[in-house]
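J.: One structure, pasted below without further comment.
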Protein chains: 2
Amino acid sequence: MRLYQDSRAPNPRRVRMFLAEKGLLDRCELVDVSINAGAHREPDFLEKHPLGLVPVLELADGRRLRESVAICRYVEEAFPDHGPPLLGTEPWQRAQIEQWNRHAELEVLVPVAQVFRNSHPFWEGRIRQAPEFAEIMREQLAARLAWLDRELADRRWRAGDALSIADLTLLCAIDFGKVAQLRLGDDTPHLGRWYAALRERPSYRA
Amino acid sequence: MRLYQDSRAPNPRRVRMFLAEKGLLDRCELVDVSINAGAHREPDFLEKHPLGLVPVLELADGRRLRESVAICRYVEEAFPDHGPPLLGTEPWQRAQIEQWNRHAELEVLVPVAQVFRNSHPFWEGRIRQAPEFAEIMREQLAARLAWLDRELADRRWRAGDALSIADLTLLCAIDFGKVAQLRLGDDTPHLGRWYAALRERPSYRA
């Protein structure tokens, strides 16, 4: 397998962490597509993903798959004997994991990306920006983190007793949040404890 | 089962269509939560979903599940003998369906919702709006629809030969797009043919 990716972007990172937790990272060739250098906009990569987004998974036979969660699900189902299940095993648990993964994506990762795109100097002159929308998302993010903190008070991981994709997504979203001045502080103690536990895992550096 | 929902909102609609395609809609009690009347912000509903979003699925034993795709996946896995699989059956096909469902969500449904929230009179005075961001999303939507049209040239449904959740999500996103002046025209013939086929299905009116 080959993963087209950018080491600094949050979506490739959550796929690398997923592969690392599965013990499959060394089965995957990482091919850098530097967003900073504009490689995601080159014809060569646009042929792999017409929207110029990373990551893209490429199988040995040339088939390609876009979208981080689709890639993770494919890896989980195509390699059932590798590593722990990160998408759950029975219907209710699987639904809970999907729910929390979507909350991490839609309530944290997407808003962080919008703050980044709409207010960060990195994108000035590259895309049209709407700084006012960045402000709206920044306000919303603070409220969402407070909620996610409360919801973590009575359990170890995001979706229950077992580590899941929902933890990896939220971790990558929070770390990427530095571009949006988002940082965990004393007001989110449960997220702080959860983050410290994830930071100890080898997958953190994947 | 009970589904807390708003008949006019796109996310409840895709769950109703999913249930209808499965032949399970009449097994589900629909409970209206009117966004227009502000019912999603009442303490009674916030206890069911702290973010005030619809839909929420409630099981007979009181367990609750948020997020449309999590609800659909739970229904598919908890009722495997009801209706055709809408999330696929083998890993590669399932990954393709998830990829196209996410494209429909992230490239059409979410941007349409952002145009609606940031520029529509319905939200004036209810939330802080960023009209400039609505404009950015409107431009992007036109480009995305052109791409989705080309990608539909050589197959019947969004993710291949079989109807899937990806079709339902895109249909609901496009219909909801009316609030963003998004309409299918002569420049997207493949989407037009695909839309006409979906409109003939009983689930269209679910």
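Every chain in the structure tokens has a letter given in the order shown (A, B, ...), and although residue numbers restart at 1 in each chain, ligands are simply numbered from 1 in the order shown.
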Kindly provide, as an mmCIF file with C-alpha atoms, in the first residue's frame, the residues of chain A having any atom no farther than 7 Å from an atom of chain B, counting only C-alpha atoms.

T.:
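Okay, this is what ended up in out.cif:
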```cif
data_model
loop_
_atom_site.group_PDB
_atom_site.id
_atom_site.type_symbol
_atom_site.label_atom_id
_atom_site.label_comp_id
_atom_site.auth_asym_id
_atom_site.auth_seq_id
_atom_site.Cartn_x
_atom_site.Cartn_y
_atom_site.Cartn_z
ATOM 1 C CA ARG A 66 -9.857 9.019 -0.868
ATOM 2 C CA GLU A 67 -11.133 10.288 2.501
ATOM 3 C CA ALA A 70 -12.990 5.513 4.322
ATOM 4 C CA ILE A 71 -9.289 4.594 4.276
ATOM 5 C CA ARG A 73 -12.463 1.530 7.530
ATOM 6 C CA TYR A 74 -10.917 -0.242 4.535
ATOM 7 C CA GLU A 77 -11.926 -4.592 7.267
ATOM 8 C CA ALA A 78 -9.215 -5.717 4.847
ATOM 9 C CA PRO A 91 -23.686 -2.650 16.229
ATOM 10 C CA TRP A 92 -24.343 -0.370 19.222
ATOM 11 C CA ALA A 95 -22.572 3.314 16.219
ATOM 12 C CA GLU A 98 -19.056 6.577 14.664
ATOM 13 C CA GLN A 99 -21.082 9.168 16.591
ATOM 14 C CA ALA A 130 -13.524 35.243 5.403
ATOM 15 C CA GLU A 132 -15.419 36.914 10.287
ATOM 16 C CA PHE A 133 -16.278 33.255 9.807
#
```

J.: As number ranges by chain, please: the residues near A:Leu170 (cut-off 8 Å, only C-alpha atoms, same-chain neighbours under 3 positions excluded).

T.: A: 101, 104-105, 108-109, 166-167, 173-174

J.: Excluding stretch 183-196 of chain A and any residue of its chain fewer than 4 positions from it, enumerate the residues within 6 Å of it, using only C-alpha atoms, and give them as a PyMOL selection string.

T.: chain A and resi 149+152-153

J.: Save out the residues we just selected, C-alpha atoms, as a CSV table (one decimal), in the first residue's frame.

T.:
```csv
chain,number,residue,atom,x,y,z
A,149,ASP,CA,-14.6,17.6,28.3
A,152,LEU,CA,-15.3,12.5,29.0
A,153,ALA,CA,-15.7,12.7,32.8
```

J.: Please identify all polymer residues within 10 Å of A:Gly52, counting only C-alpha atoms, omitting same-chain residues fewer than 5 positions from it, and present them as a VMD selection string.

T.: chain A and resid 33 35 38 to 43 45 to 47

J.: So which one's closest to B:Leu19, B:Val31, B:Leu148, B:Ala197, B:Ala206? Using only C-alpha atoms, please.

T.: B:Ala206

J.: Go ahead and compute the interatomic distance for atom CA of B:Glu151 and atom CA of B:Val115, in Å to one decimal.

T.: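 Computing it gives 24.1 Å between the two atoms.
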
J.: Restricting the calculation to only C-alpha atoms, which member of A:Ser119, A:Gln5, A:Ser203, A:Asn11 is positioned closest to A:Cys28?

T.: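 When distances to A:Cys28 are compared using only C-alpha atoms, the smallest one comes from A:Gln5.
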
J.: DSSP on the backbone, then: every residue of stretch 31-84 of chain A marked strand (DSSP E or B), written as JSON, numbers by chain.

T.: {"A": [31, 32, 56, 57, 58, 64, 65, 66]}

J.: Distance atom CA of B:Phe176-atom CA of B:Arg205, one decimal place?

T.: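 Going from atom CA of B:Phe176 over to atom CA of B:Arg205 covers 14.0 Å.
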
J.: I'd like to know which of A:Arg126, A:Lys178, A:Arg13, A:Arg155 is closest to A:Arg138, using only C-alpha atoms.

T.: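 Closest candidate: A:Lys178.
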